[in-house]
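**Q** This structure is in structure tokens; I'll ask about it shortly.
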Amino acid sequence: MYAAPHVLRTFNSEAVALATLNIPGHRHIPLIYEYLDDSYCLVVQYIEGYNLRNFADQRLEFISEAQALRYMQQVCSALVYMHTRPQGPVLHGDIKLENILIDRYGHLWLIDFGLARTLGLAWGLEPKEPQAIGGTRGYTPPEQFQGVMEPRSDVYALTATLCALLLRASPSLTADATIEKLFKRRPDLSPGLKALIQWGLADNVAARPDARMLLSRIEALLGEAIAPPPARTAPVARAMIGYTSELALARDLISQEHCIALAGPHGIGKTSLASRLIAELAGDRPVF
Ligand SMILES: Nc1ncnc2c1ncn2[C@@H]1O[C@H](COP(=O)(O)OP(=O)(O)OP(=O)(O)O)[C@@H](O)[C@H]1O
Ligand SMILES: [Mg+2]
């Protein structure tokens, strides 16, 4: 088989990056099953789903801020895993909507490690000189186009991906233009999210967060968006007559199974039984 040298290099980067990430593995990165380097064959976990570009294109309405953040939280956790490998960081190099798959459970998978780089002497693959690294206009940060790639380059691309998801359109060629377009089209976005986007899209690498910082900020914003409902006091248990054996059985079952369902015709006292059980189990603790 003939393949151009750059195709073989891409193939090799992908194989090395995936093999490096396989152990212990991450829930948002497909596993590599086999790498046959003589036949240039890479067998990876098959993800049944479609990419986030198709997902964004199919939507009639803008995605909500909380949903977009939940998706970014998944991919950012994969970035933290990749960037904090004890042997040295693995950089993806081409994060964008097309390279993220979503399965039927809403679980995201980062794919396409063709431009990935493994940094650090432990891998013996560190690029020695600035070199043409490639990427995708609008997603790739300025330093990467100048041949210098580092972990925060992926953070820039992930933030541009978040913008693309919120906008249902590719990011503009410069961060400033992307931010302007986004803020104009999505006046509903919170000040916290806008600040996160400006931070992640900083042209200057030194002003940009690393993946761990970005993840904490995403989680803080999600915490605000989906704060648990206020605690309520346990429902008052009404007096029950003749349910002693059912109550004892339910108490027994819940201690073994941790979760039980009460079923039966209307009006036979299911709610009273449940309230009594909750009152007993919860004590002074809040009940939701
Ligand atoms: N692990 C996987 N499970 C299922 N489908 C996958 C997987 N990896 C890649 N694909 C499918 O193959 C497509 C292209 O894969 P990938 O992004 O790795 O290659 P590419 O170099 O970008 O190729 P292309 O230029 O065709 O987009 C993806 O959009 C996706 O539909
Ligand atoms: Mg791709």
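Residue names in the structure tokens use chain letters A, B, ... in the order shown, residue numbers from 1 in each chain, and ligand numbers from 1 in the order shown.
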Let me see if you get this right: every residue at most 12 Å from ligand 1, counting only C-alpha atoms and all ligand atoms, written as a VMD selection string.

**A** chain A and resid 7 10 to 11 13 to 15 18 28 to 33 42 to 55 92 to 103 108 to 116 135 to 136

**Q** For N, CA and C atoms, I'd like the residues from the last selection saved as a short mmCIF file (atom, residue, chain, number, x, y, z; two decimals), in the first residue's frame.

**A**
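Ended up saving to result_26.cif:
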```
data_model
loop_
_atom_site.label_atom_id
_atom_site.label_comp_id
_atom_site.auth_asym_id
_atom_site.auth_seq_id
_atom_site.Cartn_x
_atom_site.Cartn_y
_atom_site.Cartn_z
N VAL A 7 0.33 11.41 5.60
CA VAL A 7 -0.77 10.54 6.03
C VAL A 7 -0.24 9.52 7.04
N THR A 10 0.30 11.23 10.33
CA THR A 10 -0.98 11.43 11.01
C THR A 10 -1.44 10.14 11.65
N PHE A 11 -1.32 9.07 10.88
CA PHE A 11 -1.75 7.77 11.37
C PHE A 11 -0.94 7.39 12.61
N SER A 13 0.69 9.42 14.67
CA SER A 13 0.34 10.28 15.83
C SER A 13 -0.90 9.74 16.51
N GLU A 14 -1.88 9.37 15.69
CA GLU A 14 -3.15 8.93 16.25
C GLU A 14 -2.94 7.64 17.04
N ALA A 15 -2.18 6.72 16.46
CA ALA A 15 -1.94 5.44 17.14
C ALA A 15 -1.20 5.65 18.46
N LEU A 18 -3.51 7.45 21.07
CA LEU A 18 -4.56 6.59 21.62
C LEU A 18 -3.99 5.49 22.50
N HIS A 28 -14.59 9.41 28.17
CA HIS A 28 -14.97 10.18 26.99
C HIS A 28 -13.97 10.03 25.84
N ILE A 29 -13.11 9.01 25.92
CA ILE A 29 -12.15 8.76 24.83
C ILE A 29 -12.28 7.28 24.42
N PRO A 30 -12.54 7.01 23.13
CA PRO A 30 -12.70 5.60 22.73
C PRO A 30 -11.43 4.80 23.01
N LEU A 31 -11.63 3.54 23.34
CA LEU A 31 -10.48 2.66 23.59
C LEU A 31 -9.85 2.25 22.28
N ILE A 32 -8.57 1.98 22.32
CA ILE A 32 -7.92 1.41 21.13
C ILE A 32 -7.79 -0.09 21.40
N TYR A 33 -8.25 -0.90 20.45
CA TYR A 33 -8.21 -2.35 20.65
C TYR A 33 -6.95 -2.96 20.07
N LEU A 42 -5.76 0.57 12.61
CA LEU A 42 -6.00 0.96 14.00
C LEU A 42 -7.43 0.55 14.33
N VAL A 43 -7.58 -0.34 15.29
CA VAL A 43 -8.93 -0.79 15.63
C VAL A 43 -9.34 -0.10 16.92
N VAL A 44 -10.39 0.75 16.82
CA VAL A 44 -10.81 1.50 18.01
C VAL A 44 -12.27 1.19 18.33
N GLN A 45 -12.62 1.49 19.55
CA GLN A 45 -13.99 1.28 20.03
C GLN A 45 -14.97 2.01 19.11
N TYR A 46 -16.01 1.30 18.69
CA TYR A 46 -16.99 1.91 17.80
C TYR A 46 -18.05 2.65 18.63
N ILE A 47 -18.25 3.90 18.31
CA ILE A 47 -19.24 4.70 19.03
C ILE A 47 -20.45 4.89 18.13
N GLU A 48 -21.58 4.41 18.58
CA GLU A 48 -22.78 4.56 17.76
C GLU A 48 -23.39 5.92 18.08
N GLY A 49 -23.31 6.81 17.13
CA GLY A 49 -23.84 8.15 17.38
C GLY A 49 -23.52 9.04 16.20
N TYR A 50 -23.60 10.34 16.42
CA TYR A 50 -23.24 11.26 15.36
C TYR A 50 -22.47 12.42 15.94
N ASN A 51 -21.84 13.21 15.05
CA ASN A 51 -20.96 14.22 15.61
C ASN A 51 -21.73 15.49 16.00
N LEU A 52 -21.11 16.29 16.84
CA LEU A 52 -21.79 17.46 17.40
C LEU A 52 -22.13 18.51 16.34
N ARG A 53 -21.43 18.46 15.22
CA ARG A 53 -21.76 19.38 14.12
C ARG A 53 -23.17 19.03 13.59
N ASN A 54 -23.40 17.71 13.34
CA ASN A 54 -24.74 17.29 12.88
C ASN A 54 -25.78 17.61 13.95
N PHE A 55 -25.41 17.35 15.19
CA PHE A 55 -26.32 17.60 16.31
C PHE A 55 -26.72 19.07 16.34
N HIS A 92 -4.46 17.15 21.85
CA HIS A 92 -5.32 16.66 20.77
C HIS A 92 -5.01 17.38 19.46
N GLY A 93 -5.02 18.70 19.50
CA GLY A 93 -4.60 19.48 18.33
C GLY A 93 -5.69 19.81 17.33
N ASP A 94 -6.88 19.23 17.46
CA ASP A 94 -7.92 19.53 16.46
C ASP A 94 -9.31 19.37 17.07
N ILE A 95 -9.52 19.98 18.22
CA ILE A 95 -10.84 19.87 18.86
C ILE A 95 -11.82 20.77 18.12
N LYS A 96 -12.93 20.21 17.74
CA LYS A 96 -14.00 20.97 17.06
C LYS A 96 -15.26 20.11 17.08
N LEU A 97 -16.39 20.68 16.67
CA LEU A 97 -17.66 19.94 16.74
C LEU A 97 -17.59 18.63 15.97
N GLU A 98 -16.90 18.65 14.81
CA GLU A 98 -16.86 17.45 13.96
C GLU A 98 -16.10 16.30 14.63
N ASN A 99 -15.24 16.63 15.58
CA ASN A 99 -14.41 15.59 16.20
C ASN A 99 -14.91 15.18 17.58
N ILE A 100 -16.18 15.46 17.83
CA ILE A 100 -16.79 15.01 19.09
C ILE A 100 -18.06 14.25 18.71
N LEU A 101 -18.15 13.00 19.15
CA LEU A 101 -19.35 12.21 18.86
C LEU A 101 -20.28 12.23 20.07
N ILE A 102 -21.58 12.16 19.77
CA ILE A 102 -22.57 12.06 20.86
C ILE A 102 -23.34 10.77 20.65
N ASP A 103 -23.46 9.96 21.71
CA ASP A 103 -24.21 8.71 21.54
C ASP A 103 -25.65 8.90 22.02
N LEU A 108 -20.64 12.05 25.46
CA LEU A 108 -19.76 12.58 24.40
C LEU A 108 -18.43 11.82 24.34
N TRP A 109 -17.89 11.75 23.12
CA TRP A 109 -16.64 11.03 22.89
C TRP A 109 -15.73 11.90 22.04
N LEU A 110 -14.51 12.09 22.51
CA LEU A 110 -13.53 12.86 21.75
C LEU A 110 -12.82 11.91 20.78
N ILE A 111 -12.87 12.23 19.49
CA ILE A 111 -12.24 11.34 18.49
C ILE A 111 -11.25 12.13 17.64
N ASP A 112 -10.66 11.46 16.69
CA ASP A 112 -9.76 12.03 15.69
C ASP A 112 -8.48 12.61 16.31
N PHE A 113 -7.61 11.71 16.69
CA PHE A 113 -6.34 12.12 17.29
C PHE A 113 -5.24 12.21 16.22
N GLY A 114 -5.65 12.47 14.97
CA GLY A 114 -4.70 12.52 13.85
C GLY A 114 -3.67 13.63 13.97
N LEU A 115 -4.02 14.71 14.67
CA LEU A 115 -3.04 15.80 14.84
C LEU A 115 -2.46 15.81 16.25
N ALA A 116 -2.69 14.72 16.99
CA ALA A 116 -2.26 14.71 18.39
C ALA A 116 -0.74 14.72 18.52
N GLY A 135 -4.38 22.35 11.87
CA GLY A 135 -5.52 22.68 12.73
C GLY A 135 -6.67 23.14 11.85
N THR A 136 -7.64 23.79 12.47
CA THR A 136 -8.81 24.25 11.73
C THR A 136 -9.03 25.71 12.04
#
```

**Q** Do you have, as a tab-separated table, the list of residues of range 167-265 of chain A lying at most 7 Å from range 149-153 of chain A, each with its nearest atom pair and that distance in Å to one decimal, counting only C-alpha atoms and ordered by chain then number?

**A**
```
residue	atom	partner	partner_atom	distance
A:Val205	CA	A:Arg152	CA	6.6
A:Arg208	CA	A:Arg152	CA	6.8
A:Pro209	CA	A:Arg152	CA	6.9
A:Asp210	CA	A:Arg152	CA	5.4
```

**Q** Based on the selection just made, write N, CA and C atoms of those residues as an mmCIF file, in the first residue's frame.

**A**
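See selection-v6.cif below for the written result:
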```cif
data_model
loop_
_atom_site.group_PDB
_atom_site.id
_atom_site.type_symbol
_atom_site.label_atom_id
_atom_site.label_comp_id
_atom_site.auth_asym_id
_atom_site.auth_seq_id
_atom_site.Cartn_x
_atom_site.Cartn_y
_atom_site.Cartn_z
ATOM 1 N N VAL A 205 -1.402 32.966 25.264
ATOM 2 C CA VAL A 205 -1.491 31.688 25.996
ATOM 3 C C VAL A 205 -1.393 31.903 27.505
ATOM 4 N N ARG A 208 -4.543 32.479 29.330
ATOM 5 C CA ARG A 208 -5.588 31.460 29.128
ATOM 6 C C ARG A 208 -5.563 30.440 30.275
ATOM 7 N N PRO A 209 -6.713 29.895 30.683
ATOM 8 C CA PRO A 209 -6.698 28.870 31.745
ATOM 9 C C PRO A 209 -6.174 27.538 31.215
ATOM 10 N N ASP A 210 -5.695 26.677 32.125
ATOM 11 C CA ASP A 210 -5.418 25.311 31.680
ATOM 12 C C ASP A 210 -6.730 24.514 31.801
#
```

**Q** Between A:Glu246, A:Asp203, A:Asp188, A:Glu180, which one has atoms that come closest to Glu143 in chain A, using only C-alpha atoms?

**A**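 The answer is A:Asp203, which sits nearest to Glu143 in chain A.
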
**Q** Taking the chain letters and numbering used in this document, name the residues of range 23-240 of chain A that DSSP puts in strand (DSSP E or B), as a ChimeraX atom specification.

**A** /A:32-36,41-44,49-51,90-91,100-103,108-110,117-118,232

**Q** Set the distance at 12 Å and use only C-alpha atoms: which residues neighbour Val80 in chain A once local chain neighbours fewer than 2 positions away are removed? I'd like the list as a PyMOL selection string.

**A** chain A and resi 21+26+28-29+73-78+82-86+89-92+151-152+154-155+158+209-216

**Q** Quick one: pull the distance between CA of Ser272 in chain A and CA of Ser255 in chain A, Å, one decimal.

**A**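 Pair CA of Ser272 in chain A / CA of Ser255 in chain A returns 18.9 Å.
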
**Q** For Ala263 in chain A, which residue among A:Ala250, A:Ala220, A:Ile197, A:Leu182 is the nearest when counting only C-alpha atoms?

**A**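 Of all the options, A:Ala250 lies closest to Ala263 in chain A.
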
**Q** Write out as a list in words the residues lying within 7 Å of range 162-165 of chain A, counting only C-alpha atoms and excluding same-chain residues fewer than 6 positions away.

**A**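 The neighbour list is Ala56, Ala68, Met72, Pro171 and Leu182 of chain A.
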
**Q** Put those residues in a file: C-alpha atoms, as a PDB file, in the first residue's frame.

**A**
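Heads up, here's the output in selection_0.pdb:
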```pdb
ATOM      1  CA  ALA A  56     -26.018  21.414  16.247  1.00  0.00           C
ATOM      2  CA  ALA A  68     -23.844  23.361  26.415  1.00  0.00           C
ATOM      3  CA  MET A  72     -18.235  20.927  27.610  1.00  0.00           C
ATOM      4  CA  PRO A 171     -16.469  30.275  14.980  1.00  0.00           C
ATOM      5  CA  LEU A 182     -21.764  35.301  20.016  1.00  0.00           C
TER       6      LEU A 182
END
```

**Q** Would you mind writing down, as a ChimeraX atom specification, each residue of range 64-273 of chain A that DSSP on the backbone assigns to alpha helix (DSSP H)?

**A** /A:65-83,142-145,151-167,175-185,191-200,211-225,244-257,270-273

**Q** Would you pick out the contacts of Leu201 in chain A at 7 Å or less, using only C-alpha atoms, so that residues sharing its chain but fewer than 5 positions from it are not included, and give the list as a list in words?

**A**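 Neighbouring residues, sequence-local ones excluded: Tyr156, Thr159 and Ala175 of chain A.
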